[in-house]
Structure formats: C-alpha cells, structure tokens
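Student: If it helps, the file is called run_20.cif and holds mmCIF, C-alpha atoms:
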```
data_input
loop_
_atom_site.label_atom_id
_atom_site.label_comp_id
_atom_site.auth_asym_id
_atom_site.auth_seq_id
_atom_site.Cartn_x
_atom_site.Cartn_y
_atom_site.Cartn_z
CA MET A 273 95.82 118.24 78.96
CA LYS A 274 93.53 120.47 81.01
CA ILE A 275 91.75 123.31 79.19
CA TYR A 276 91.45 126.58 81.12
CA PHE A 277 88.88 128.20 78.80
CA GLY A 278 86.19 128.64 81.46
CA GLU A 279 88.50 130.30 84.00
CA ASN A 280 90.02 132.58 81.36
CA LEU A 281 86.67 133.58 79.87
CA LYS A 282 85.29 134.51 83.28
CA ARG A 283 88.42 136.50 84.18
CA LEU A 284 88.45 138.41 80.89
CA ARG A 285 84.72 139.15 81.11
CA LYS A 286 85.03 140.54 84.64
CA GLU A 287 88.06 142.62 83.68
CA LYS A 288 85.86 144.33 81.07
CA GLU A 289 83.05 144.59 83.65
CA LEU A 290 80.62 142.73 81.38
CA THR A 291 77.64 140.59 82.33
CA GLN A 292 77.16 137.14 80.88
CA GLU A 293 74.11 138.50 79.05
CA THR A 294 76.11 141.27 77.34
CA LEU A 295 78.77 138.85 76.15
CA ALA A 296 76.09 136.38 75.01
CA ASP A 297 74.37 139.10 72.94
CA PHE A 298 77.64 139.99 71.21
CA LEU A 299 78.36 136.36 70.35
CA GLY A 300 74.79 135.52 69.38
CA VAL A 301 74.34 132.77 71.98
CA SER A 302 72.26 132.42 75.13
CA PHE A 303 73.61 133.63 78.46
CA GLN A 304 73.05 130.06 79.73
CA ALA A 305 75.65 128.90 77.18
CA VAL A 306 78.15 131.47 78.47
CA SER A 307 77.41 130.36 82.03
CA LYS A 308 78.14 126.71 81.14
CA TRP A 309 81.37 127.71 79.37
CA GLU A 310 82.59 129.52 82.48
CA ARG A 311 81.78 126.49 84.64
CA ASN A 312 83.66 124.23 82.15
CA GLU A 313 80.48 122.21 81.67
CA SER A 314 80.70 122.71 77.89
CA TYR A 315 82.80 124.52 75.29
CA PRO A 316 81.80 126.80 72.38
CA ASP A 317 81.80 125.58 68.80
CA ILE A 318 85.17 125.96 67.13
CA GLU A 319 83.73 128.61 64.77
CA ILE A 320 82.93 130.90 67.73
CA LEU A 321 86.37 130.77 69.36
CA PRO A 322 88.05 133.32 67.01
CA ALA A 323 85.20 135.78 67.66
CA VAL A 324 85.59 135.38 71.44
CA ALA A 325 89.37 135.84 71.18
CA SER A 326 88.96 138.88 68.96
CA PHE A 327 86.44 140.46 71.32
CA PHE A 328 88.92 140.23 74.21
CA ASN A 329 91.93 141.16 72.04
CA THR A 330 93.73 137.90 72.73
CA THR A 331 94.66 134.68 70.90
CA THR A 332 92.70 131.44 70.88
CA ASP A 333 95.68 129.66 72.47
CA GLU A 334 95.72 132.11 75.36
CA LEU A 335 91.93 131.94 75.63
CA LEU A 336 92.04 128.14 75.86
CA GLY A 337 94.84 128.33 78.41
CA ILE A 338 97.25 126.29 76.32
CA ASP A 339 100.14 128.31 77.75
CA GLU A 340 98.91 127.49 81.26
CA ALA A 341 98.58 123.83 80.35
CA GLN A 342 102.14 123.79 79.05
CA ARG A 343 103.29 125.54 82.24
CA GLU A 344 101.52 122.95 84.39
CA SER A 345 103.02 120.15 82.32
CA LYS A 346 106.54 121.51 82.90
CA ILE A 347 105.90 121.90 86.63
CA GLN A 348 104.72 118.30 86.85
CA GLU A 349 107.84 117.24 84.97
CA TYR A 350 110.00 118.91 87.62
CA ILE A 351 107.98 117.26 90.42
CA GLU A 352 108.46 113.83 88.81
CA LYS A 353 112.22 114.45 88.57
CA TYR A 354 112.25 115.35 92.25
CA ASP A 355 110.23 112.27 93.26
CA SER A 356 112.49 109.92 91.31
CA SER A 357 115.86 111.28 92.43
CA TYR A 358 115.88 113.18 95.74
CA MET A 359 116.66 110.07 97.82
CA ILE A 360 119.26 108.86 95.32
CA ASP A 361 121.26 111.90 94.21
CA THR A 362 120.52 114.88 96.45
CA PRO A 363 123.09 117.28 94.91
CA LYS A 364 121.68 116.66 91.43
CA THR A 365 118.10 117.07 92.70
CA LEU A 366 119.08 120.31 94.43
CA ARG A 367 120.42 121.72 91.14
CA THR A 368 117.28 120.61 89.29
CA MET A 369 114.91 122.18 91.81
CA LYS A 370 116.95 125.39 91.94
CA THR A 371 116.40 125.67 88.18
CA ALA A 372 112.71 124.89 88.69
CA VAL A 373 112.09 127.68 91.23
CA ARG A 374 113.94 130.17 89.04
CA GLU A 375 111.72 129.22 86.10
CA PHE A 376 108.50 129.21 88.17
CA PRO A 377 109.21 131.44 91.20
CA GLY A 378 105.57 131.64 92.30
CA ASP A 379 104.84 127.91 92.45
CA TYR A 380 104.89 126.69 96.07
CA ARG A 381 104.88 123.01 95.03
CA LEU A 382 108.34 123.49 93.53
CA LEU A 383 109.55 125.83 96.27
CA ILE A 384 108.75 123.36 99.08
CA ARG A 385 110.61 120.59 97.28
CA TYR A 386 113.62 122.83 96.75
CA PHE A 387 113.40 123.75 100.45
CA ASN A 388 113.44 120.05 101.37
CA VAL A 389 116.54 119.09 99.38
CA LEU A 390 118.33 122.29 100.42
CA ILE A 391 117.98 121.33 104.10
CA ILE A 392 118.83 117.65 103.47
CA GLU A 393 121.97 118.58 101.56
CA LYS A 394 123.33 121.44 103.69
CA GLY A 395 121.61 121.46 107.07
CA GLY A 396 123.23 120.19 110.27
CA SER A 397 126.78 121.40 109.53
CA LYS A 398 128.84 124.59 109.38
CA GLU A 399 127.76 124.82 105.74
CA GLY A 400 124.21 125.03 107.03
CA MET A 401 124.92 128.55 108.32
CA SER A 402 125.59 129.75 104.77
CA ILE A 403 122.01 128.92 103.75
CA LEU A 404 120.35 130.45 106.84
CA PRO A 405 119.18 133.65 105.04
CA GLU A 406 117.74 131.61 102.16
CA VAL A 407 116.13 129.11 104.52
CA ARG A 408 114.45 131.90 106.50
CA SER A 409 113.32 133.67 103.34
CA ILE A 410 111.73 130.53 101.86
CA TYR A 411 110.08 129.57 105.15
CA GLU A 412 108.61 133.03 105.74
CA LYS A 413 107.33 133.20 102.15
CA ILE A 414 105.54 129.86 102.40
CA ASP A 415 104.32 130.31 105.98
CA SER A 416 102.94 133.80 105.30
CA PHE A 417 101.52 133.54 101.81
CA CYS A 418 100.90 129.91 100.75
CA ALA A 419 97.20 129.04 100.93
CA ASP A 420 97.82 125.28 100.76
CA ASP A 421 97.88 124.03 104.37
CA SER A 422 99.67 120.80 103.46
CA ILE A 423 102.58 122.78 101.98
CA ARG A 424 102.67 125.23 104.89
CA ILE A 425 102.78 122.41 107.45
CA TRP A 426 105.46 120.65 105.40
CA ALA A 427 107.50 123.87 105.50
CA GLN A 428 107.04 124.12 109.27
CA ARG A 429 108.25 120.55 109.73
CA LEU A 430 111.28 121.23 107.52
CA MET A 431 112.12 124.46 109.35
CA ALA A 432 111.84 122.70 112.72
CA THR A 433 114.12 119.94 111.40
CA TYR A 434 116.63 122.53 110.22
CA CYS A 435 116.61 124.26 113.63
CA LYS A 436 117.10 120.92 115.41
CA SER A 437 120.04 120.00 113.16
CA MET A 438 121.67 123.43 113.51
CA SER A 439 121.25 123.45 117.31
CA ARG A 440 124.04 120.84 117.37
CA VAL A 441 126.40 123.07 115.36
CA GLU A 442 128.74 125.15 117.52
CA ASP A 443 128.10 128.92 117.44
CA SER A 444 125.13 128.56 115.08
CA GLY A 445 122.96 130.80 117.24
CA ILE A 446 120.07 128.38 116.65
CA GLY A 447 118.66 126.41 119.55
CA LEU A 448 115.91 123.96 120.41
CA ASP A 449 113.72 126.87 121.51
CA ASP A 450 113.63 127.98 117.85
CA MET A 451 112.45 124.49 116.92
CA GLU A 452 109.83 124.48 119.67
CA ARG A 453 108.31 127.78 118.51
CA ILE A 454 107.65 126.23 115.11
CA LEU A 455 106.31 122.98 116.59
CA GLN A 456 103.71 125.00 118.52
CA LYS A 457 102.30 126.28 115.21
CA MET A 458 101.75 122.80 113.82
CA PRO A 459 98.40 120.98 114.24
CA GLU A 460 97.88 118.13 116.69
CA MET A 461 97.31 114.65 115.26
CA TYR A 462 93.69 114.85 116.39
CA ASN A 463 93.12 117.74 113.97
CA SER A 464 94.63 115.96 110.99
CA ARG A 465 92.77 115.44 107.72
CA ASP A 466 93.22 111.66 107.91
CA PHE A 467 91.57 111.28 111.30
CA ALA A 468 88.77 113.75 110.54
CA ALA A 469 87.87 111.78 107.41
CA THR A 470 87.20 108.65 109.52
CA TYR A 471 84.14 110.24 111.14
CA LEU A 472 83.06 112.90 108.62
CA TYR A 473 82.31 110.65 105.64
CA PRO A 474 78.92 108.86 105.74
CA PRO A 475 78.98 105.03 105.62
CA GLY A 476 80.20 103.78 102.26
CA GLU A 477 83.34 103.09 100.27
CA LYS A 478 84.86 106.56 100.84
CA HIS A 479 84.45 106.12 104.59
CA ARG A 480 86.02 102.65 104.54
CA GLU A 481 88.93 103.90 102.43
CA ALA A 482 89.47 106.83 104.82
CA CYS A 483 89.59 104.43 107.78
CA ARG A 484 92.01 102.10 105.98
CA ASN A 485 94.31 104.98 105.10
CA THR A 486 94.27 106.27 108.68
CA ILE A 487 94.99 102.83 110.15
CA ASP A 488 97.95 102.54 107.75
CA GLU A 489 99.20 105.98 108.75
CA LEU A 490 98.77 105.44 112.50
CA LEU A 491 100.63 102.13 112.42
CA TYR A 492 103.36 103.71 110.30
CA LEU A 493 103.72 106.53 112.85
CA LEU A 494 103.65 104.06 115.73
CA SER A 495 106.54 102.10 114.19
CA SER A 496 108.54 105.30 113.70
CA THR A 497 107.84 106.63 117.17
CA VAL A 498 108.96 103.46 118.93
CA ILE A 499 112.29 103.60 117.08
CA ASN A 500 112.70 107.29 117.95
CA TYR A 501 111.72 106.84 121.62
CA TYR A 502 114.85 105.01 122.74
CA SER A 503 117.77 106.94 121.28
CA ASP A 504 120.52 105.92 123.72
CA PHE A 505 122.28 102.56 123.94
CA SER A 506 122.29 101.79 127.64
CA GLU A 507 121.42 98.20 128.54
CA HIS A 508 118.03 99.33 129.85
CA ALA A 509 117.27 101.24 126.63
CA ILE A 510 118.33 98.28 124.47
CA LYS A 511 116.03 95.91 126.39
CA ALA A 512 113.14 98.38 126.38
CA LYS A 513 113.57 99.12 122.67
CA SER A 514 113.70 95.43 121.84
CA GLU A 515 110.47 94.73 123.75
CA ALA A 516 108.75 97.76 122.22
CA ILE A 517 109.67 96.70 118.67
CA LYS A 518 108.42 93.15 119.32
CA THR A 519 105.12 94.58 120.57
CA VAL A 520 104.72 96.80 117.50
CA LEU A 521 105.54 93.91 115.15
CA SER A 522 102.97 91.77 116.96
CA VAL A 523 100.34 94.48 116.32
CA LEU A 524 101.32 94.77 112.65
CA ASN A 525 101.20 91.00 112.14
CA THR A 526 97.77 90.93 113.79
CA VAL A 527 96.40 93.65 111.49
CA TYR A 528 98.13 92.64 108.24
CA THR A 529 97.36 88.94 108.49
CA ASP A 530 98.16 88.29 104.82
CA GLY A 531 101.75 89.52 105.27
CA ASN A 532 101.19 92.50 102.97
CA TYR A 533 102.28 95.30 105.30
CA ARG A 534 101.21 98.10 102.92
CA LYS A 535 102.63 101.45 104.06
CA CYS A 536 104.46 99.75 106.96
CA TRP A 537 106.43 97.33 104.75
CA VAL A 538 109.74 99.18 105.03
CA HIS A 539 109.36 99.72 108.79
CA VAL A 540 108.73 96.01 109.30
CA ILE A 541 111.91 95.16 107.38
CA TYR A 542 113.95 97.68 109.38
CA ASN A 543 112.39 96.63 112.70
CA TYR A 544 113.36 92.98 112.24
CA GLY A 545 116.85 94.23 111.41
CA HIS A 546 116.86 96.32 114.60
CA LEU A 547 115.75 93.30 116.62
CA GLY A 548 118.64 91.37 115.11
CA TYR A 549 121.41 93.68 116.26
CA LEU A 550 119.67 94.54 119.57
CA ASN A 551 119.55 90.85 120.48
CA PHE A 552 123.18 90.52 119.49
CA GLN A 553 124.04 93.37 121.88
CA LEU A 554 122.09 91.59 124.62
CA GLY A 555 124.03 88.38 123.96
CA ASN A 556 121.05 86.51 122.45
CA THR A 557 122.84 85.14 119.39
CA GLU A 558 120.07 82.71 118.42
CA GLU A 559 117.41 85.45 118.50
CA ALA A 560 119.73 87.79 116.61
CA LEU A 561 120.14 85.27 113.79
CA LYS A 562 116.40 84.50 113.75
CA ASN A 563 115.39 88.14 113.31
CA LEU A 564 118.11 88.98 110.79
CA LYS A 565 116.92 85.99 108.73
CA ILE A 566 113.31 87.28 108.80
CA CYS A 567 114.61 90.72 107.79
CA ALA A 568 116.45 89.21 104.81
CA LYS A 569 113.46 87.15 103.68
CA LEU A 570 111.09 90.11 103.90
CA SER A 571 113.54 92.29 101.95
CA LYS A 572 113.65 89.67 99.21
CA ARG A 573 109.88 89.34 99.17
CA TYR A 574 109.33 93.10 99.06
CA ASP A 575 111.72 93.50 96.12
CA GLU A 576 109.98 90.71 94.24
CA GLU A 577 106.43 91.96 94.90
CA PRO A 578 104.66 93.60 91.94
CA GLN A 579 104.38 97.37 92.03
CA THR A 580 100.71 97.20 93.06
CA VAL A 581 99.43 94.52 95.45
CA THR A 582 95.84 93.72 96.47
CA SER A 583 95.33 93.11 100.20
CA ASN A 584 93.51 89.98 101.39
CA CYS A 585 93.35 90.57 105.14
CA LEU A 586 90.07 91.37 106.90
CA LEU A 587 90.50 95.13 107.38
CA PHE A 588 91.93 95.85 103.92
CA ASN A 589 90.35 93.12 101.81
CA GLY A 590 90.30 94.09 98.14
CA SER A 591 92.11 97.42 98.55
CA LYS A 592 95.28 98.04 96.58
CA PHE A 593 98.67 99.31 97.74
CA THR A 594 101.34 100.67 95.42
CA LYS A 595 104.86 100.44 96.77
CA LYS A 596 107.47 103.15 96.35
CA GLN A 597 111.07 102.26 95.81
CA ARG A 598 113.90 104.57 94.83
CA GLY A 599 117.50 103.68 94.04
CA LYS A 600 118.82 100.58 95.77
CA THR A 601 116.68 97.50 96.33
CA TYR A 602 115.92 96.60 99.94
CA CYS A 603 118.09 93.51 99.60
CA GLU A 604 121.01 95.83 98.77
CA ARG A 605 120.14 98.24 101.58
CA MET A 606 119.75 95.64 104.32
CA LYS A 607 122.78 93.60 103.25
CA ASP A 608 124.86 96.77 103.49
CA LYS A 609 123.42 97.54 106.93
CA MET A 610 124.19 94.04 108.23
CA LEU A 611 127.74 94.13 106.90
CA ASN A 612 128.68 97.75 107.57
CA GLU A 613 126.25 99.56 109.90
CA TYR A 614 124.82 97.20 112.49
CA PRO A 615 127.04 96.76 115.61
CA LEU A 616 127.81 93.11 114.92
CA SER A 617 131.20 91.59 115.70
CA GLU A 618 133.50 90.24 112.97
CA LYS A 619 133.31 86.81 114.62
CA PHE A 620 129.51 86.88 114.32
CA LYS A 621 129.69 88.00 110.68
CA GLN A 622 132.11 85.19 109.85
CA SER A 623 129.79 82.50 111.23
CA ASN A 624 128.18 80.04 108.81
CA GLU A 625 124.70 80.98 110.05
CA PHE A 626 125.24 84.66 109.23
CA LYS A 627 126.72 83.84 105.82
CA LYS A 628 123.59 81.80 105.03
CA ILE A 629 121.49 84.88 105.81
CA LEU A 630 123.58 86.98 103.41
CA LYS A 631 122.92 84.46 100.61
CA ILE A 632 119.17 85.15 100.90
CA PHE A 633 119.82 88.65 99.51
CA ASP A 634 121.40 87.28 96.31
#
```
Show me this structure written as structure tokens.
Tutor:
Amino acid sequence: MKIYFGENLKRLRKEKELTQETLADFLGVSFQAVSKWERNESYPDIEILPAVASFFNTTTDELLGIDEAQRESKIQEYIEKYDSSYMIDTPKTLRTMKTAVREFPGDYRLLIRYFNVLIIEKGGSKEGMSILPEVRSIYEKIDSFCADDSIRIWAQRLMATYCKSMSRVEDSGIGLDDMERILQKMPEMYNSRDFAATYLYPPGEKHREACRNTIDELLYLLSSTVINYYSDFSEHAIKAKSEAIKTVLSVLNTVYTDGNYRKCWVHVIYNYGHLGYLNFQLGNTEEALKNLKICAKLSKRYDEEPQTVTSNCLLFNGSKFTKKQRGKTYCERMKDKMLNEYPLSEKFKQSNEFKKILKIFD
C-alpha cells in the first residue's frame, strides 16, 4: 500500500503558506528532516505524527493518505475486473464500469475503459445513435482535460472507431470525414514512445529491452495491417492476401526462430487459419489442409504453454513473455472458426483429413 504522507504534508504546508523551517521549528526537528519527509525519502517517528496531524487540524489517517490508498486500491480492483471480463461478457463489464465512473468520476483510467466497452457494446447500429451525446461528452472531456497522452490517444482511436462504425448506419449523420478529422490529431508511428526509446536510451539492458519491445510491436502491427489491407474477396485479392500472409509468416519464423512468437502468437495462429480457408477458396485443397493443421497444432501448443515463457532465439534470448488469454482457449476459438466461420464446404469438413485436424484440438 502506497503512503501519501510526503505529498499531503507538502500540500498542507503550502496551504498554510509555511516554510519548511517554520514547520520544523514547531515540531522540534531539522528542516532537512521535513524536506526528506516531503520527498518520501523518510518518514517521521510515530510519536511525531499526532503532533503533525494536530498542527494541520487533520487526522493521522488523512495525513498518511490512507483514504487515498484505499481509493487507489478500489480503482485498481475495477481495472482488474475490466481486464478479466471485457472480451468475455461485454454487457456485464459495461455495467461494472458504469458503476466505477459514478464512484470515481474524475479518474480517466476508469472513464476510458467505460468508453471502450460502451462503443464495443452499442456502436455500429441504430442503438449507437442513442449513446452519441454520451460518447461526445466523454471524448471531449478526455481530449480536452486528460494530461495522460496514452489515454487521450486511446480516446481518439475509440472515437474514430465509433465514427467509422456509425458511418455505415443509415441516417446517422456521421461520416468518414468525422473519422478523418480525429485521425489527423493522432501521432504518426515515427513519433511513438516505442520507437523513440530505441534510439534515446544509451547502450545497455534498457536499450535492448526497448528494441525488443518495438520489434514485437512492429511485427504485430505488420501482421494486422496485412490482414486489413485486402478486405474484399475477389480472386485477385484472395491470391494477394494469401501471398502477403505467407511473406509475413516467413518474416515471423525468421525472427522467432525458437517458435515462441511472443506478442505475435495469436496473429500467427489466425494467419495460418486464414491461409487454410484462402487456399480452399483457390482450390488448393492440400495446402488448405496443411495450413489448417499447423493452425490447430499452434493453438494446442499456445494453450499448453506456461503463462510466462523465456525466449531462446537470437534477438530475444533470455527475455520473458507473459501471454494473455481471456475466456475461451485458442483450441476452442479456432475449432469454432473452422466449423462455423471459415468459408469451407460441407464436403471438405466431412473429409477424413479435416476430421483428423479437429481431433488435434481435443
């Protein structure tokens, strides 16, 4: 539990317009001691605390910031609830975060998470129009007053996503130009924290870790972008998408030579699945089966990996990666996709080869 004594002492002293020397004289200590207390480098003896509290007409609990610590603990509890449930039960998470922002209306960490689930749950439909005033109010509050750039940029991304989803809703009055105005406010990749850290840190472990994190992030974004690039299903797009995915997977297998794909694990699983159904659409049954089998094996391996894995490949040797998994296992997810979402024919799904692939998930 964090103690806020130093911050509170400094605030109370300034409110009374006192110098550190004046307060030190009253308490019978040196002004250097008061200075260290305010910097949280040390704390006063327990016998002095009641005198300090009495001088400022407050309680020792308030002086120590115990109320603030309890507040922070409750906020973190809400954030943990959000992290563990928003991809599993969005309506429940929305109710939880609505309660959170009512309890702590000034905390932007909670507000941005409520904003996220609100858009996920109700954006992109006629119902999305009913939340437009609230969406605008939350966005303007964060964009205008939040000092945390990461939260502000998150809010911009969410607002742009909302505008994009509502542009497809008839008579919404929201178009892609609204989305573009927000995109123009967001920073370019070149100005990102991750990339800047790769050349700002001096040589050493922090620099190496920054480079590893950025390589992970860039490859993750590359995988996502290739999937997003070809959104139609013409024969040309299917062929181009298939070749692009194979190229990306070749890069990932070259970098992550130990088969621990770190942040890109899930994308690798999905990309082999994409290659499976894309090859089926192109009439390459053998290639379709081959890639769906790899997808199934990687899903099984990912589910069976420990929570934290140490990398052994050249670029990441010795660094640890902690996987995130919410709700269904990836065996459950990918089996469902192969049976119900991928454009595979019933004849293909009834083949012995495909049934063997399904058994890998069990």
Student: Counting all atoms listed in the file, which residue out of A:Lys346, A:Tyr358, A:Leu587, A:Glu289 sits closest to Arg480 of chain A?
Tutor: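 With all atoms listed in the file as the atom set, the closest residue is A:Leu587.
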Student: For this structure, which residues satisfy the selection - the PyMOL selection byres ((chain A and resi 486-502) around 8) - when it is evaluated on the file as given? I want them as a list in words.
Tutor: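 What the PyMOL selection byres ((chain A and resi 486-502) around 8) grabs from the file is Asp466, Phe467, Thr470, Ala482, Cys483, Arg484, Asn485, Ser503, Asp504, Phe505, Ala509, Ile510, Ala512, Lys513, Ala516, Ile517, Val520, Leu524, Arg534, Lys535, Cys536 and His539 of chain A.
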Student: What is the atom CA of Glu293 of chain A-atom CA of Gly337 of chain A distance in Å, reported with one decimal?
Tutor: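 If I compute the distance from atom CA of Glu293 of chain A to atom CA of Gly337 of chain A, I get 23.1 Å.
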Student: Using the chain letters and numbers from the file, which residues does the PyMOL selection byres ((chain A and resi 427) around 9) grab, as a PDB file with C-alpha atoms, in the coordinates of the input?
Tutor:
```pdb
ATOM      1  CA  ILE A 384     108.750 123.360  99.080  1.00  0.00           C
ATOM      2  CA  PHE A 387     113.400 123.750 100.450  1.00  0.00           C
ATOM      3  CA  ASN A 388     113.440 120.050 101.370  1.00  0.00           C
ATOM      4  CA  ILE A 410     111.730 130.530 101.860  1.00  0.00           C
ATOM      5  CA  TYR A 411     110.080 129.570 105.150  1.00  0.00           C
ATOM      6  CA  ILE A 414     105.540 129.860 102.400  1.00  0.00           C
ATOM      7  CA  ASP A 415     104.320 130.310 105.980  1.00  0.00           C
ATOM      8  CA  SER A 422      99.670 120.800 103.460  1.00  0.00           C
ATOM      9  CA  ILE A 423     102.580 122.780 101.980  1.00  0.00           C
ATOM     10  CA  ARG A 424     102.670 125.230 104.890  1.00  0.00           C
ATOM     11  CA  ILE A 425     102.780 122.410 107.450  1.00  0.00           C
ATOM     12  CA  TRP A 426     105.460 120.650 105.400  1.00  0.00           C
ATOM     13  CA  GLN A 428     107.040 124.120 109.270  1.00  0.00           C
ATOM     14  CA  ARG A 429     108.250 120.550 109.730  1.00  0.00           C
ATOM     15  CA  LEU A 430     111.280 121.230 107.520  1.00  0.00           C
ATOM     16  CA  MET A 431     112.120 124.460 109.350  1.00  0.00           C
ATOM     17  CA  ALA A 432     111.840 122.700 112.720  1.00  0.00           C
TER      18      ALA A 432
END
```
Student: Could you state which residues are captured by the PyMOL selection byres ((chain A and resi 277) around 12) in this file, as an MDAnalysis selection string?
Tutor: chainID A and resid 274:276 278:285 306 308:316 321 324:325 331:341
Student: I need the chosen residues saved as an mmCIF file, in the frame of the given file, with C-alpha atoms.
Tutor:
```
data_model
loop_
_atom_site.group_PDB
_atom_site.id
_atom_site.type_symbol
_atom_site.label_atom_id
_atom_site.label_comp_id
_atom_site.auth_asym_id
_atom_site.auth_seq_id
_atom_site.Cartn_x
_atom_site.Cartn_y
_atom_site.Cartn_z
ATOM 1 C CA LYS A 274 93.530 120.470 81.010
ATOM 2 C CA ILE A 275 91.750 123.310 79.190
ATOM 3 C CA TYR A 276 91.450 126.580 81.120
ATOM 4 C CA GLY A 278 86.190 128.640 81.460
ATOM 5 C CA GLU A 279 88.500 130.300 84.000
ATOM 6 C CA ASN A 280 90.020 132.580 81.360
ATOM 7 C CA LEU A 281 86.670 133.580 79.870
ATOM 8 C CA LYS A 282 85.290 134.510 83.280
ATOM 9 C CA ARG A 283 88.420 136.500 84.180
ATOM 10 C CA LEU A 284 88.450 138.410 80.890
ATOM 11 C CA ARG A 285 84.720 139.150 81.110
ATOM 12 C CA VAL A 306 78.150 131.470 78.470
ATOM 13 C CA LYS A 308 78.140 126.710 81.140
ATOM 14 C CA TRP A 309 81.370 127.710 79.370
ATOM 15 C CA GLU A 310 82.590 129.520 82.480
ATOM 16 C CA ARG A 311 81.780 126.490 84.640
ATOM 17 C CA ASN A 312 83.660 124.230 82.150
ATOM 18 C CA GLU A 313 80.480 122.210 81.670
ATOM 19 C CA SER A 314 80.700 122.710 77.890
ATOM 20 C CA TYR A 315 82.800 124.520 75.290
ATOM 21 C CA PRO A 316 81.800 126.800 72.380
ATOM 22 C CA LEU A 321 86.370 130.770 69.360
ATOM 23 C CA VAL A 324 85.590 135.380 71.440
ATOM 24 C CA ALA A 325 89.370 135.840 71.180
ATOM 25 C CA THR A 331 94.660 134.680 70.900
ATOM 26 C CA THR A 332 92.700 131.440 70.880
ATOM 27 C CA ASP A 333 95.680 129.660 72.470
ATOM 28 C CA GLU A 334 95.720 132.110 75.360
ATOM 29 C CA LEU A 335 91.930 131.940 75.630
ATOM 30 C CA LEU A 336 92.040 128.140 75.860
ATOM 31 C CA GLY A 337 94.840 128.330 78.410
ATOM 32 C CA ILE A 338 97.250 126.290 76.320
ATOM 33 C CA ASP A 339 100.140 128.310 77.750
ATOM 34 C CA GLU A 340 98.910 127.490 81.260
ATOM 35 C CA ALA A 341 98.580 123.830 80.350
#
```
Student: Could you work out how far atom CA of Arg381 of chain A lies from atom CA of Glu481 of chain A, giving the answer in Å with one decimal?
Tutor: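 Going from atom CA of Glu481 of chain A over to atom CA of Arg381 of chain A covers 26.0 Å.
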Student: Considering all atoms listed in the file, can you say which of A:Met606, A:Ile446, A:Ile391, A:Ala468 comes closest to Thr433 of chain A?
Tutor: A:Ile391
Student: Report the distance between atom CA of Thr594 of chain A and atom CA of Lys609 of chain A in Å, rounded to one decimal place.
Tutor: 25.1 Å
Student: Would you give the centre and edge lengths, in Å to one decimal, of a box along x, y and z around the listed atoms of segment 474-485 of chain A, with 5 Å added to each side, as JSON?
Tutor:
```
{"center_x": 86.6, "center_y": 105.5, "center_z": 104.0, "size_x": 25.4, "size_y": 16.8, "size_z": 17.5}
```
Student: May I have the residues within 10 Å of Leu570 of chain A as a ChimeraX atom specification, using all atoms listed in the file and disregarding those fewer than 6 positions away in the same chain?
Tutor: /A:531,537-538,540-542,544,564,576,602-603,632-633
Student: Mind checking which residues fall within 12 Å of Glu375 of chain A, counting only C-alpha atoms, ignoring those fewer than 6 positions away in the same chain, and posting them as a list in words?
Tutor: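 Listed by chain and then number, they are Arg343, Lys346, Ile347, Tyr350, Thr368, Met369, Leu382 and Leu383 of chain A.
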Student: Near Tyr434 of chain A, within 9 Å and counting all atoms listed in the file, which residues show up once chain neighbours fewer than 4 positions away are dropped, as a ChimeraX atom specification?
Tutor: /A:391-392,395-396,400,407,429-430,438-439,451
Student: Identify, on the basis of only C-alpha atoms, every residue whose closest approach to Thr371 of chain A does not exceed 10 Å; exclude the query and any residue fewer than 5 positions from it along the same chain; express the result as a list in words.
Tutor: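 That gives Tyr350, Thr365, Leu366, Phe376, Pro377, Leu382 and Tyr386 of chain A.
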Student: From the set A:Glu344, A:Glu287, A:Glu515, A:Glu577, which residue has the shortest atom-to-atom contact distance to Asn543 of chain A, counting only C-alpha atoms?
Tutor: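 With only C-alpha atoms as the atom set, the closest residue is A:Glu515.
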Student: Quick one: residues within 9 Å of segment 618-627 of chain A, only C-alpha atoms, excluding same-chain residues fewer than 5 positions away - as a compact mmCIF listing (two decimals) with C-alpha atoms, in the coordinates of the input?
Tutor:
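Output contents, as saved in around.txt:
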```
# COMPACT_ATOMS: atom_id res chain seq x y z
CA PHE A 552 123.18 90.52 119.49
CA THR A 557 122.84 85.14 119.39
CA LEU A 561 120.14 85.27 113.79
CA LEU A 564 118.11 88.98 110.79
CA LYS A 565 116.92 85.99 108.73
CA MET A 610 124.19 94.04 108.23
CA LEU A 611 127.74 94.13 106.90
```
Student: Kindly provide, as a ChimeraX atom specification, the polymer residues lying within 12 Å of (98.5, 100.3, 93.4), counting only C-alpha atoms and using the coordinates exactly as they appear in the file.
Tutor: /A:534-535,577-583,590-596
Student: Using only C-alpha atoms, pick whichever of A:Ala568, A:Cys435, A:Asp317, A:Leu616 has the shortest atom-to-atom distance to Arg408 of chain A.
Tutor: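 Of A:Ala568, A:Cys435, A:Asp317, A:Leu616, the one nearest Arg408 of chain A, counting only C-alpha atoms, is A:Cys435.
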